[in-house]
>>> print(open('work-v3.csv').read())   # CSV, C-alpha atoms
chain,number,residue,atom,x,y,z
A,1,MET,CA,-28.3,-23.6,-19.0
A,2,SER,CA,-25.2,-22.0,-20.5
A,3,GLU,CA,-25.2,-20.4,-23.9
A,4,THR,CA,-22.4,-22.6,-25.1
A,5,THR,CA,-24.3,-25.8,-24.4
A,6,LEU,CA,-27.3,-24.5,-26.2
A,7,ARG,CA,-25.3,-23.4,-29.2
A,8,SER,CA,-23.5,-26.7,-29.4
A,9,THR,CA,-26.8,-28.6,-29.3
A,10,TYR,CA,-28.0,-26.4,-32.2
A,11,LEU,CA,-24.8,-27.1,-34.1
A,12,LEU,CA,-25.2,-30.8,-33.5
A,13,GLY,CA,-28.7,-30.6,-35.1
A,14,LEU,CA,-27.2,-28.8,-38.1
A,15,ARG,CA,-24.5,-31.4,-38.4
A,16,ASP,CA,-26.7,-34.4,-38.1
A,17,ALA,CA,-29.1,-33.0,-40.7
A,18,LEU,CA,-26.4,-32.5,-43.4
A,19,PRO,CA,-26.7,-36.0,-45.0
A,20,PHE,CA,-30.4,-35.5,-45.2
A,21,ILE,CA,-29.9,-32.8,-47.8
A,22,LEU,CA,-29.5,-35.7,-50.2
A,23,VAL,CA,-32.9,-37.0,-49.0
A,24,VAL,CA,-34.9,-33.8,-49.2
A,25,ALA,CA,-33.4,-32.3,-52.4
A,26,PRO,CA,-34.5,-35.0,-54.8
A,27,PHE,CA,-38.1,-34.9,-53.5
A,28,ALA,CA,-38.1,-31.1,-53.6
A,29,PHE,CA,-36.7,-31.2,-57.1
A,30,LEU,CA,-39.3,-33.8,-58.2
A,31,PHE,CA,-42.1,-31.7,-56.9
A,32,GLY,CA,-40.8,-28.6,-58.7
A,33,VAL,CA,-40.5,-30.5,-62.0
A,34,VAL,CA,-43.9,-32.2,-61.8
A,35,SER,CA,-45.8,-29.0,-60.7
A,36,ALA,CA,-44.2,-26.9,-63.4
A,37,GLU,CA,-45.2,-29.6,-66.0
A,38,ALA,CA,-48.7,-29.4,-64.6
A,39,GLY,CA,-48.8,-25.7,-65.5
A,40,LEU,CA,-48.3,-24.1,-62.1
A,41,ASN,CA,-46.4,-20.8,-62.0
A,42,LEU,CA,-43.5,-20.1,-59.7
A,43,VAL,CA,-45.5,-18.3,-57.1
A,44,GLU,CA,-47.9,-21.2,-56.8
A,45,ILE,CA,-45.2,-23.8,-56.7
A,46,PHE,CA,-43.2,-22.0,-54.0
A,47,SER,CA,-46.4,-21.3,-52.0
A,48,PHE,CA,-47.4,-25.0,-52.2
A,49,SER,CA,-44.0,-26.1,-50.8
A,50,PHE,CA,-43.8,-23.3,-48.3
A,51,ILE,CA,-47.3,-23.7,-46.9
A,52,VAL,CA,-47.8,-27.5,-46.9
A,53,VAL,CA,-44.1,-28.7,-46.5
A,54,ALA,CA,-45.0,-32.3,-47.3
A,55,GLY,CA,-43.7,-33.7,-50.6
A,56,ALA,CA,-45.7,-36.9,-51.0
A,57,SER,CA,-48.9,-35.2,-50.0
A,58,GLN,CA,-48.3,-32.3,-52.4
A,59,LEU,CA,-47.7,-34.7,-55.2
A,60,SER,CA,-50.8,-36.8,-54.6
A,61,ALA,CA,-53.0,-33.7,-54.3
A,62,LEU,CA,-51.6,-32.4,-57.5
A,63,SER,CA,-52.2,-35.6,-59.3
A,64,VAL,CA,-55.8,-35.6,-58.2
A,65,LEU,CA,-56.2,-32.1,-59.7
A,66,GLN,CA,-54.5,-33.2,-62.9
A,67,ASP,CA,-56.9,-36.1,-63.3
A,68,ASN,CA,-59.8,-33.6,-63.1
A,69,GLY,CA,-60.6,-34.5,-59.4
A,70,THR,CA,-62.4,-31.9,-57.3
A,71,ALA,CA,-60.6,-29.7,-54.7
A,72,LEU,CA,-62.2,-31.7,-51.9
A,73,VAL,CA,-60.9,-35.0,-53.2
A,74,ALA,CA,-57.4,-33.5,-53.6
A,75,ILE,CA,-57.5,-32.0,-50.1
A,76,ILE,CA,-58.6,-35.3,-48.5
A,77,THR,CA,-56.1,-37.4,-50.5
A,78,GLY,CA,-53.3,-35.0,-49.5
A,79,LEU,CA,-54.3,-35.0,-45.8
A,80,ALA,CA,-54.5,-38.8,-45.6
A,81,VAL,CA,-50.9,-39.0,-46.7
A,82,ASN,CA,-50.0,-36.8,-43.7
A,83,LEU,CA,-51.9,-38.7,-41.0
A,84,ARG,CA,-48.6,-40.3,-39.7
A,85,MET,CA,-47.7,-36.8,-38.6
A,86,ALA,CA,-50.3,-36.9,-35.8
A,87,MET,CA,-48.2,-39.8,-34.4
A,88,TYR,CA,-45.0,-37.7,-34.7
A,89,SER,CA,-46.8,-35.0,-32.8
A,90,ALA,CA,-47.9,-37.4,-30.0
A,91,SER,CA,-44.4,-38.8,-29.8
A,92,LEU,CA,-42.7,-35.4,-29.5
A,93,THR,CA,-45.2,-34.3,-26.8
A,94,PRO,CA,-43.3,-35.8,-23.8
A,95,TRP,CA,-40.1,-34.1,-25.0
A,96,LEU,CA,-41.4,-30.7,-26.3
A,97,GLY,CA,-44.8,-30.3,-24.6
A,98,ALA,CA,-43.5,-27.9,-22.0
A,99,LEU,CA,-42.6,-25.2,-24.6
A,100,PRO,CA,-44.8,-22.1,-24.8
A,101,LEU,CA,-47.7,-22.4,-27.2
A,102,TRP,CA,-46.2,-20.3,-30.0
A,103,GLN,CA,-43.0,-22.4,-30.0
A,104,ARG,CA,-45.1,-25.6,-30.1
A,105,GLY,CA,-46.9,-24.0,-33.1
A,106,PHE,CA,-43.6,-23.2,-34.8
A,107,ALA,CA,-42.2,-26.7,-34.1
A,108,SER,CA,-45.4,-28.1,-35.6
A,109,TYR,CA,-44.8,-26.2,-38.8
A,110,LEU,CA,-41.3,-27.6,-39.0
A,111,MET,CA,-42.4,-31.2,-38.3
A,112,VAL,CA,-41.4,-33.3,-41.3
A,113,ASP,CA,-40.1,-36.9,-41.5
A,114,GLN,CA,-36.4,-35.7,-41.3
A,115,THR,CA,-36.7,-33.2,-38.4
A,116,TYR,CA,-38.8,-35.7,-36.5
A,117,ALA,CA,-36.7,-38.8,-37.0
A,118,LEU,CA,-33.4,-37.0,-36.3
A,119,SER,CA,-34.7,-35.3,-33.1
A,120,ILE,CA,-36.6,-38.2,-31.6
A,121,PHE,CA,-33.7,-40.6,-31.8
A,122,ARG,CA,-31.3,-38.0,-30.3
A,123,TYR,CA,-33.8,-37.3,-27.5
A,124,GLU,CA,-34.0,-41.0,-26.6
A,125,GLU,CA,-30.2,-41.2,-26.7
A,126,SER,CA,-29.8,-38.1,-24.5
A,127,PRO,CA,-32.5,-38.2,-21.8
A,128,GLY,CA,-30.5,-35.6,-19.7
A,129,TRP,CA,-31.1,-32.8,-22.2
A,130,THR,CA,-33.0,-29.8,-21.0
A,131,LEU,CA,-36.0,-28.4,-22.8
A,132,GLY,CA,-33.9,-25.7,-24.3
A,133,GLN,CA,-31.4,-28.2,-25.7
A,134,ARG,CA,-34.1,-30.3,-27.2
A,135,LEU,CA,-35.6,-27.2,-29.0
A,136,ARG,CA,-32.2,-26.1,-30.2
A,137,TYR,CA,-31.4,-29.5,-31.7
A,138,TYR,CA,-34.8,-29.5,-33.4
A,139,LEU,CA,-34.3,-26.0,-34.8
A,140,GLY,CA,-30.8,-27.0,-35.9
A,141,THR,CA,-32.1,-29.9,-38.1
A,142,ALA,CA,-34.9,-27.6,-39.5
A,143,THR,CA,-32.3,-24.9,-40.4
A,144,ILE,CA,-30.8,-27.4,-42.9
A,145,ILE,CA,-33.9,-29.2,-44.1
A,146,MET,CA,-36.4,-26.3,-44.6
A,147,PRO,CA,-34.3,-24.0,-46.9
A,148,VAL,CA,-33.2,-27.0,-49.0
A,149,TRP,CA,-36.9,-27.9,-49.4
A,150,TYR,CA,-37.9,-24.4,-50.4
A,151,VAL,CA,-35.0,-23.6,-52.7
A,152,VAL,CA,-34.7,-27.0,-54.5
A,153,THR,CA,-38.4,-26.9,-55.3
A,154,ILE,CA,-37.8,-23.7,-57.2
A,155,VAL,CA,-34.7,-25.1,-58.8
A,156,GLY,CA,-36.7,-28.1,-60.0
A,157,ALA,CA,-39.4,-25.8,-61.4
A,158,LEU,CA,-36.9,-23.8,-63.3
A,159,THR,CA,-34.9,-26.7,-64.6
A,160,GLY,CA,-37.9,-28.6,-65.7
A,161,GLN,CA,-36.2,-32.0,-66.3
A,162,ASN,CA,-35.4,-34.8,-63.9
A,163,VAL,CA,-32.0,-35.9,-62.6
A,164,PRO,CA,-30.6,-38.9,-64.5
A,165,GLU,CA,-31.9,-42.1,-63.0
A,166,SER,CA,-28.4,-43.7,-62.7
A,167,PHE,CA,-27.7,-41.6,-59.6
A,168,ALA,CA,-30.5,-43.6,-57.9
A,169,LEU,CA,-31.2,-40.6,-55.6
A,170,ASP,CA,-34.7,-41.9,-55.0
A,171,PHE,CA,-32.9,-44.4,-52.7
A,172,ALA,CA,-31.2,-41.8,-50.5
A,173,MET,CA,-34.4,-41.6,-48.4
A,174,PRO,CA,-34.7,-45.4,-47.5
A,175,ILE,CA,-30.9,-45.7,-46.8
A,176,ALA,CA,-30.9,-42.6,-44.6
A,177,PHE,CA,-33.9,-43.6,-42.6
A,178,LEU,CA,-32.8,-47.2,-42.2
A,179,SER,CA,-29.4,-45.9,-41.0
A,180,LEU,CA,-31.2,-43.9,-38.3
A,181,ILE,CA,-33.6,-46.6,-37.3
A,182,ALA,CA,-31.0,-49.4,-37.0
A,183,PRO,CA,-29.0,-48.0,-34.0
A,184,ALA,CA,-32.4,-47.4,-32.2
A,185,LEU,CA,-33.3,-51.1,-32.2
A,186,ARG,CA,-31.9,-51.5,-28.7
A,187,THR,CA,-34.3,-54.0,-27.2
A,188,LEU,CA,-36.5,-57.0,-28.3
A,189,ALA,CA,-39.5,-54.7,-27.9
A,190,HIS,CA,-38.0,-52.2,-30.4
A,191,VAL,CA,-37.3,-55.0,-32.9
A,192,ALA,CA,-40.8,-56.4,-32.5
A,193,ALA,CA,-42.3,-52.9,-33.2
A,194,ALA,CA,-40.1,-52.4,-36.3
A,195,PHE,CA,-40.8,-55.9,-37.6
A,196,THR,CA,-44.6,-55.5,-37.1
A,197,SER,CA,-44.4,-52.1,-38.9
A,198,VAL,CA,-42.7,-53.5,-42.0
A,199,VAL,CA,-44.9,-56.5,-42.3
A,200,MET,CA,-48.2,-54.6,-41.7
A,201,ALA,CA,-47.2,-51.7,-44.0
A,202,LEU,CA,-46.5,-54.1,-46.8
A,203,LEU,CA,-49.7,-56.1,-46.2
A,204,LEU,CA,-51.7,-52.9,-46.1
A,205,ALA,CA,-50.0,-51.2,-49.0
A,206,GLY,CA,-53.1,-51.5,-51.1
A,207,LEU,CA,-55.2,-49.2,-48.8
A,208,PRO,CA,-55.5,-45.5,-49.8
A,209,SER,CA,-52.2,-43.7,-49.2
A,210,GLY,CA,-51.6,-42.9,-45.6
A,211,PHE,CA,-54.1,-45.2,-44.0
A,212,GLY,CA,-52.1,-48.4,-44.3
A,213,LEU,CA,-49.1,-46.8,-42.6
A,214,LEU,CA,-51.2,-45.3,-39.8
A,215,ILE,CA,-52.8,-48.7,-39.0
A,216,ALA,CA,-49.4,-50.4,-39.3
A,217,GLY,CA,-47.9,-47.8,-36.9
A,218,VAL,CA,-50.6,-48.3,-34.2
A,219,LEU,CA,-50.3,-52.1,-34.4
A,220,ALA,CA,-46.5,-51.8,-34.2
A,221,MET,CA,-46.6,-49.5,-31.2
A,222,MET,CA,-48.9,-52.0,-29.5
A,223,ALA,CA,-46.5,-54.8,-30.3
A,224,GLY,CA,-43.6,-52.9,-28.8
A,225,ALA,CA,-45.4,-51.9,-25.7
A,226,GLN,CA,-46.7,-55.5,-25.2
A,227,VAL,CA,-43.2,-57.1,-25.6
A,228,GLU,CA,-41.8,-54.5,-23.2
A,229,GLN,CA,-44.3,-55.6,-20.6
A,230,TRP,CA,-43.6,-59.3,-21.1
A,231,MET,CA,-39.9,-58.6,-20.7
A,232,GLU,CA,-40.5,-56.7,-17.5
A,233,ARG,CA,-42.6,-59.4,-16.1
A,234,ARG,CA,-40.0,-62.1,-17.0
A,235,ALA,CA,-37.3,-60.0,-15.3
A,236,ALA,CA,-39.4,-59.5,-12.2
B,2,MET,CA,-49.6,-26.7,-71.7
B,3,ASP,CA,-49.5,-29.9,-73.7
B,4,GLY,CA,-53.1,-30.7,-72.8
B,5,LYS,CA,-52.4,-34.3,-71.8
B,6,ALA,CA,-55.0,-36.1,-69.7
B,7,GLY,CA,-56.8,-33.5,-67.6
B,8,GLY,CA,-54.9,-30.5,-69.0
B,9,MET,CA,-55.0,-27.2,-67.2
B,10,ILE,CA,-55.5,-27.0,-63.5
B,11,ASP,CA,-57.9,-24.2,-62.5
B,12,HIS,CA,-55.8,-21.7,-60.5
B,13,GLY,CA,-58.6,-20.7,-58.1
B,14,VAL,CA,-59.1,-24.4,-57.3
B,15,LEU,CA,-55.4,-24.9,-56.9
B,16,TRP,CA,-55.2,-22.1,-54.3
B,17,ILE,CA,-58.1,-23.5,-52.3
B,18,VAL,CA,-56.2,-26.8,-52.2
B,19,ILE,CA,-52.9,-25.2,-51.3
B,20,VAL,CA,-54.4,-23.3,-48.4
B,21,ALA,CA,-56.7,-26.0,-47.1
B,22,LEU,CA,-54.0,-28.7,-47.3
B,23,GLY,CA,-51.6,-26.3,-45.6
B,24,ILE,CA,-54.0,-25.6,-42.7
B,25,GLY,CA,-55.1,-29.2,-42.4
B,26,THR,CA,-51.6,-30.5,-42.4
B,27,PHE,CA,-50.6,-27.9,-39.8
B,28,LEU,CA,-53.5,-29.0,-37.5
B,29,ILE,CA,-52.4,-32.7,-37.9
B,30,ARG,CA,-48.9,-31.7,-36.9
B,31,PHE,CA,-50.1,-29.4,-34.1
B,32,SER,CA,-52.7,-31.9,-32.7
B,33,PHE,CA,-51.1,-33.6,-29.8
B,34,LEU,CA,-48.2,-31.3,-29.3
B,35,GLY,CA,-50.5,-28.3,-29.2
B,36,LEU,CA,-53.4,-29.6,-27.2
B,37,ILE,CA,-51.7,-31.8,-24.7
B,38,GLY,CA,-48.6,-29.7,-24.2
B,39,GLU,CA,-47.2,-30.1,-20.7
B,40,ARG,CA,-50.1,-32.2,-19.2
B,41,LYS,CA,-48.9,-35.6,-17.9
B,42,MET,CA,-50.0,-38.6,-19.9
B,43,PRO,CA,-50.8,-42.0,-18.4
B,44,ASP,CA,-48.0,-44.6,-18.2
B,45,TRP,CA,-49.6,-46.9,-20.8
B,46,VAL,CA,-49.8,-44.1,-23.3
B,47,LEU,CA,-46.1,-43.2,-22.7
B,48,ARG,CA,-45.2,-46.8,-23.1
B,49,HIS,CA,-46.8,-46.9,-26.5
B,50,LEU,CA,-45.3,-43.6,-27.5
B,51,ARG,CA,-41.8,-44.8,-26.8
B,52,TYR,CA,-42.2,-47.1,-29.8
B,53,THR,CA,-43.5,-44.5,-32.3
B,54,PRO,CA,-40.4,-43.9,-34.3
B,55,VAL,CA,-39.5,-47.6,-34.7
B,56,ALA,CA,-43.2,-48.3,-35.4
B,57,LEU,CA,-43.7,-45.8,-38.1
B,58,LEU,CA,-40.4,-45.2,-40.0
B,59,PRO,CA,-39.7,-48.8,-41.0
B,60,GLY,CA,-43.2,-49.1,-42.4
B,61,LEU,CA,-42.7,-45.8,-44.2
B,62,VAL,CA,-39.6,-47.0,-46.1
B,63,ALA,CA,-40.4,-50.8,-46.5
B,64,PRO,CA,-42.5,-50.3,-49.7
B,65,LEU,CA,-39.8,-48.0,-51.1
B,66,VAL,CA,-37.2,-50.7,-50.5
B,67,LEU,CA,-39.1,-53.6,-52.0
B,68,TRP,CA,-41.0,-51.8,-54.8
B,69,PRO,CA,-39.0,-48.7,-55.8
B,70,ALA,CA,-40.9,-46.2,-58.0
B,71,ALA,CA,-37.7,-45.7,-60.0
B,72,THR,CA,-37.9,-49.3,-61.3
B,73,GLU,CA,-41.7,-49.2,-61.7
B,74,GLY,CA,-42.2,-51.2,-58.6
B,75,GLU,CA,-39.9,-54.1,-59.6
B,76,THR,CA,-37.6,-55.2,-56.8
B,77,ASP,CA,-34.0,-54.1,-57.6
B,78,PRO,CA,-31.3,-56.4,-56.1
B,79,ALA,CA,-28.8,-53.5,-55.7
B,80,ARG,CA,-31.4,-51.4,-53.8
B,81,LEU,CA,-32.4,-54.3,-51.6
B,82,ALA,CA,-28.8,-55.2,-50.8
B,83,ALA,CA,-28.0,-51.5,-50.0
B,84,ALA,CA,-31.0,-51.3,-47.6
B,85,LEU,CA,-30.0,-54.5,-45.8
B,86,VAL,CA,-26.4,-53.4,-45.5
B,87,ALA,CA,-27.4,-50.0,-44.1
B,88,LEU,CA,-29.7,-51.7,-41.6
B,89,LEU,CA,-27.0,-54.2,-40.5
B,90,ALA,CA,-24.2,-51.7,-40.4
B,91,GLY,CA,-26.3,-49.3,-38.3
B,92,TYR,CA,-27.3,-52.1,-36.0
B,93,ILE,CA,-23.8,-53.4,-35.4
B,94,GLY,CA,-21.9,-50.2,-35.7
B,95,ARG,CA,-24.5,-48.0,-33.9
B,96,SER,CA,-23.5,-45.1,-36.1
B,97,ALA,CA,-26.0,-43.6,-38.6
B,98,ILE,CA,-23.4,-41.9,-40.8
B,99,TRP,CA,-21.3,-45.0,-41.4
B,100,ALA,CA,-24.5,-47.0,-42.1
B,101,MET,CA,-25.5,-44.4,-44.7
B,102,LEU,CA,-22.1,-44.6,-46.4
B,103,ALA,CA,-22.1,-48.4,-46.4
B,104,GLY,CA,-25.5,-48.4,-48.0
B,105,ALA,CA,-24.5,-45.9,-50.6
B,106,VAL,CA,-21.4,-47.9,-51.5
B,107,VAL,CA,-23.4,-51.1,-51.9
B,108,LEU,CA,-26.0,-49.3,-54.0
B,109,TYR,CA,-23.5,-47.8,-56.5
B,110,ALA,CA,-21.4,-51.0,-56.5
B,111,GLY,CA,-24.5,-53.0,-57.2
B,112,HIS,CA,-25.6,-50.8,-60.1
B,113,TRP,CA,-22.1,-50.8,-61.5
B,114,LEU,CA,-22.0,-54.7,-61.4
B,115,GLU,CA,-25.5,-54.8,-63.0
B,116,GLY,CA,-24.2,-52.5,-65.7
B,117,LEU,CA,-21.2,-54.9,-66.3
B,118,ALA,CA,-23.4,-57.9,-66.4
B,119,GLY,CA,-25.7,-56.0,-68.9
B,120,TRP,CA,-28.8,-56.1,-66.8
B,121,GLY,CA,-29.2,-52.4,-66.0
>>> encode(input="work-v3.csv", output="structure tokens")
Amino acid sequence: MSETTLRSTYLLGLRDALPFILVVAPFAFLFGVVSAEAGLNLVEIFSFSFIVVAGASQLSALSVLQDNGTALVAIITGLAVNLRMAMYSASLTPWLGALPLWQRGFASYLMVDQTYALSIFRYEESPGWTLGQRLRYYLGTATIIMPVWYVVTIVGALTGQNVPESFALDFAMPIAFLSLIAPALRTLAHVAAAFTSVVMALLLAGLPSGFGLLIAGVLAMMAGAQVEQWMERRAA
Amino acid sequence: MDGKAGGMIDHGVLWIVIVALGIGTFLIRFSFLGLIGERKMPDWVLRHLRYTPVALLPGLVAPLVLWPAATEGETDPARLAAALVALLAGYIGRSAIWAMLAGAVVLYAGHWLEGLAGWG
């Protein structure tokens, strides 16, 4: 594998991740503002974001503590929100599983919604990529996402007030992810999985955070796999 | 501290939560990638895994589209239209970046129109 190819895959990851700055920054900012309001100091706020790297989970753990919940409840609540990442991990395994253990560990630390979504859709689109290219792309996306996450958390903590609502930055996340998902709806099986996912996630929205999405995800994967088999049998 | 509901968070407890949540989250992320690694998985597992991104990500955003926190959970026509346009543009055009731009244009145009009509 030539150095140029590896470098251009890394650069592609950087480039693809750029629009996601608008997705990550508002979340990071929000966590900074909320945690500063809760009385956390800068070291604590930065460590929280640096060690956990999962905004929704950090916010829910923090709100448990603010409501006088115990550490154990805060930890369990926060972890439940992150259960979907086990499925990200499984889904990346066929593509990155051959990396040495320490690199798999490092990739795990960098595994967030954005790095995962960008990478997995590129991998599906480019089945000819080598292991080295896949890793470079992943690292490229993380090179943009991670520093934005760390730095904007601190900016939010120092600023202490939220962005005016008229920017509707909360909605950068749904738009960005829908834009990534749509081109990946290549077959009836993909559409069936996505449809099941939406319907079940909405129906199960009342469950404690994290569990509804996990169940919806498993059912949607089964729907996709089932439709794929039907289609194959019909074609045969 | 303003001492609103709950008040001060104990800093020792906070550090326990940060470290435990960090370790636990890492283990969730590391789980399959770390333990299975290079080992071959059965076909039926791989067939299910192929649908992971389209099975999880739509469910992740669906509640945010229909019940945005910014509007206290009330469905916002501009946000809903923007989401549908991004989805449609991405599906037809097969390009994520153009889909994002289309969604953003519809979102801001929608809010501008709502402002004109005096709903916002």
>>> atom_distance(input="work-v3.csv", atom1="atom CA of Ala71 of chain A", atom2="atom CA of Ile45 of chain A")
16.6 Å
>>> interface_residues(input="work-v3.csv", of="chain A", to="chain B", cutoff="7 Å", atoms="all atoms listed in the file", output="number ranges by chain")
A: 39, 48, 51-52, 65-68, 71, 74-75, 78-79, 82-83, 85-87, 89-93, 97-98, 101, 104-105, 108-109, 111, 117, 170, 174-176, 178-183, 190, 193-194, 197-198, 201-202, 213, 217, 220-222, 224-225
>>> atom_distance(input="work-v3.csv", atom1="atom CA of Ala36 of chain A", atom2="atom CA of Ala56 of chain A")
16.0 Å
>>> closest_residue(input="work-v3.csv", among="A:Glu124, A:Val112, A:Val73, A:Leu18", to="Arg186 of chain A", atoms="all atoms listed in the file")
A:Glu124
>>> closest_residue(input="work-v3.csv", among="A:Leu135, A:Leu22, A:Leu203, A:Val151", to="Arg122 of chain A", atoms="only C-alpha atoms")
A:Leu135
>>> closest_residue(input="work-v3.csv", among="A:Leu40, A:Ala192, A:Leu14, A:Ala61", to="Met146 of chain A", atoms="only C-alpha atoms")
A:Leu14
>>> residues_around(input="work-v3.csv", residues="Gly111 of chain B", least_positions_apart="5", cutoff="9 Å", atoms="all atoms listed in the file", output="NGL selection string")
:B and (78-80 or 82-83 or 106 or 116)
>>> atom_distance(input="work-v3.csv", atom1="atom CA of Leu99 of chain A", atom2="atom CA of Ser57 of chain A")
28.0 Å
>>> residues_near_point(input="work-v3.csv", point="(-37.6, -37.0, -45.4)", cutoff="6 Å", atoms="only C-alpha atoms", output="PyMOL selection string")
chain A and resi 23-24+113-114
>>> residues_around(input="work-v3.csv", residues="Ala157 of chain A", least_positions_apart="6", cutoff="9 Å", atoms="all atoms listed in the file", output="short mmCIF file (atom, residue, chain, number, x, y, z; two decimals) with C-alpha atoms, in the coordinates of the input")
data_model
loop_
_atom_site.label_atom_id
_atom_site.label_comp_id
_atom_site.auth_asym_id
_atom_site.auth_seq_id
_atom_site.Cartn_x
_atom_site.Cartn_y
_atom_site.Cartn_z
CA PHE A 29 -36.70 -31.20 -57.10
CA LEU A 30 -39.30 -33.80 -58.20
CA PHE A 31 -42.10 -31.70 -56.90
CA GLY A 32 -40.80 -28.60 -58.70
CA VAL A 33 -40.50 -30.50 -62.00
CA VAL A 34 -43.90 -32.20 -61.80
CA SER A 35 -45.80 -29.00 -60.70
CA ALA A 36 -44.20 -26.90 -63.40
CA GLU A 37 -45.20 -29.60 -66.00
CA ASN A 41 -46.40 -20.80 -62.00
CA LEU A 42 -43.50 -20.10 -59.70
CA ILE A 45 -45.20 -23.80 -56.70
#
>>> build_atoms(input="work-v3.csv", residues="segment 40-60 of chain B", atoms="N, CA and C atoms", output="PDB file, in the coordinates of the input")
ATOM      1  N   ARG B  40     -49.281 -31.330 -20.103  1.00  0.00           N
ATOM      2  CA  ARG B  40     -50.100 -32.200 -19.200  1.00  0.00           C
ATOM      3  C   ARG B  40     -49.463 -33.631 -19.202  1.00  0.00           C
ATOM      4  N   LYS B  41     -49.484 -34.244 -18.034  1.00  0.00           N
ATOM      5  CA  LYS B  41     -48.900 -35.600 -17.900  1.00  0.00           C
ATOM      6  C   LYS B  41     -49.824 -36.605 -18.583  1.00  0.00           C
ATOM      7  N   MET B  42     -49.201 -37.533 -19.296  1.00  0.00           N
ATOM      8  CA  MET B  42     -50.000 -38.600 -19.900  1.00  0.00           C
ATOM      9  C   MET B  42     -49.826 -39.868 -19.122  1.00  0.00           C
ATOM     10  N   PRO B  43     -50.867 -40.738 -19.175  1.00  0.00           N
ATOM     11  CA  PRO B  43     -50.800 -42.000 -18.400  1.00  0.00           C
ATOM     12  C   PRO B  43     -49.644 -42.864 -18.862  1.00  0.00           C
ATOM     13  N   ASP B  44     -49.181 -43.722 -17.956  1.00  0.00           N
ATOM     14  CA  ASP B  44     -48.000 -44.600 -18.200  1.00  0.00           C
ATOM     15  C   ASP B  44     -48.221 -45.438 -19.488  1.00  0.00           C
ATOM     16  N   TRP B  45     -49.450 -45.999 -19.636  1.00  0.00           N
ATOM     17  CA  TRP B  45     -49.600 -46.900 -20.800  1.00  0.00           C
ATOM     18  C   TRP B  45     -49.519 -46.148 -22.092  1.00  0.00           C
ATOM     19  N   VAL B  46     -49.914 -44.865 -22.106  1.00  0.00           N
ATOM     20  CA  VAL B  46     -49.800 -44.100 -23.300  1.00  0.00           C
ATOM     21  C   VAL B  46     -48.294 -43.817 -23.615  1.00  0.00           C
ATOM     22  N   LEU B  47     -47.566 -43.435 -22.547  1.00  0.00           N
ATOM     23  CA  LEU B  47     -46.100 -43.200 -22.700  1.00  0.00           C
ATOM     24  C   LEU B  47     -45.397 -44.414 -23.199  1.00  0.00           C
ATOM     25  N   ARG B  48     -45.837 -45.573 -22.647  1.00  0.00           N
ATOM     26  CA  ARG B  48     -45.200 -46.800 -23.100  1.00  0.00           C
ATOM     27  C   ARG B  48     -45.373 -47.059 -24.543  1.00  0.00           C
ATOM     28  N   HIS B  49     -46.551 -46.756 -25.075  1.00  0.00           N
ATOM     29  CA  HIS B  49     -46.800 -46.900 -26.500  1.00  0.00           C
ATOM     30  C   HIS B  49     -45.996 -45.864 -27.312  1.00  0.00           C
ATOM     31  N   LEU B  50     -45.971 -44.644 -26.799  1.00  0.00           N
ATOM     32  CA  LEU B  50     -45.300 -43.600 -27.500  1.00  0.00           C
ATOM     33  C   LEU B  50     -43.802 -43.800 -27.685  1.00  0.00           C
ATOM     34  N   ARG B  51     -43.227 -44.523 -26.707  1.00  0.00           N
ATOM     35  CA  ARG B  51     -41.800 -44.800 -26.800  1.00  0.00           C
ATOM     36  C   ARG B  51     -41.469 -45.576 -28.098  1.00  0.00           C
ATOM     37  N   TYR B  52     -42.431 -46.272 -28.661  1.00  0.00           N
ATOM     38  CA  TYR B  52     -42.200 -47.100 -29.800  1.00  0.00           C
ATOM     39  C   TYR B  52     -42.588 -46.404 -31.143  1.00  0.00           C
ATOM     40  N   THR B  53     -43.046 -45.153 -31.044  1.00  0.00           N
ATOM     41  CA  THR B  53     -43.500 -44.500 -32.300  1.00  0.00           C
ATOM     42  C   THR B  53     -42.518 -44.458 -33.393  1.00  0.00           C
ATOM     43  N   PRO B  54     -41.276 -43.982 -33.156  1.00  0.00           N
ATOM     44  CA  PRO B  54     -40.400 -43.900 -34.300  1.00  0.00           C
ATOM     45  C   PRO B  54     -40.079 -45.278 -34.928  1.00  0.00           C
ATOM     46  N   VAL B  55     -39.836 -46.286 -34.109  1.00  0.00           N
ATOM     47  CA  VAL B  55     -39.500 -47.600 -34.700  1.00  0.00           C
ATOM     48  C   VAL B  55     -40.806 -48.296 -35.204  1.00  0.00           C
ATOM     49  N   ALA B  56     -41.976 -47.753 -34.866  1.00  0.00           N
ATOM     50  CA  ALA B  56     -43.200 -48.300 -35.400  1.00  0.00           C
ATOM     51  C   ALA B  56     -43.664 -47.696 -36.675  1.00  0.00           C
ATOM     52  N   LEU B  57     -43.229 -46.463 -36.943  1.00  0.00           N
ATOM     53  CA  LEU B  57     -43.700 -45.800 -38.100  1.00  0.00           C
ATOM     54  C   LEU B  57     -42.642 -45.754 -39.262  1.00  0.00           C
ATOM     55  N   LEU B  58     -41.400 -45.424 -38.901  1.00  0.00           N
ATOM     56  CA  LEU B  58     -40.400 -45.200 -40.000  1.00  0.00           C
ATOM     57  C   LEU B  58     -40.068 -46.446 -40.767  1.00  0.00           C
ATOM     58  N   PRO B  59     -39.961 -47.645 -40.127  1.00  0.00           N
ATOM     59  CA  PRO B  59     -39.700 -48.800 -41.000  1.00  0.00           C
ATOM     60  C   PRO B  59     -40.831 -49.101 -41.960  1.00  0.00           C
ATOM     61  N   GLY B  60     -42.059 -48.875 -41.535  1.00  0.00           N
ATOM     62  CA  GLY B  60     -43.200 -49.100 -42.400  1.00  0.00           C
ATOM     63  C   GLY B  60     -43.242 -48.019 -43.544  1.00  0.00           C
TER      64      GLY B  60
END
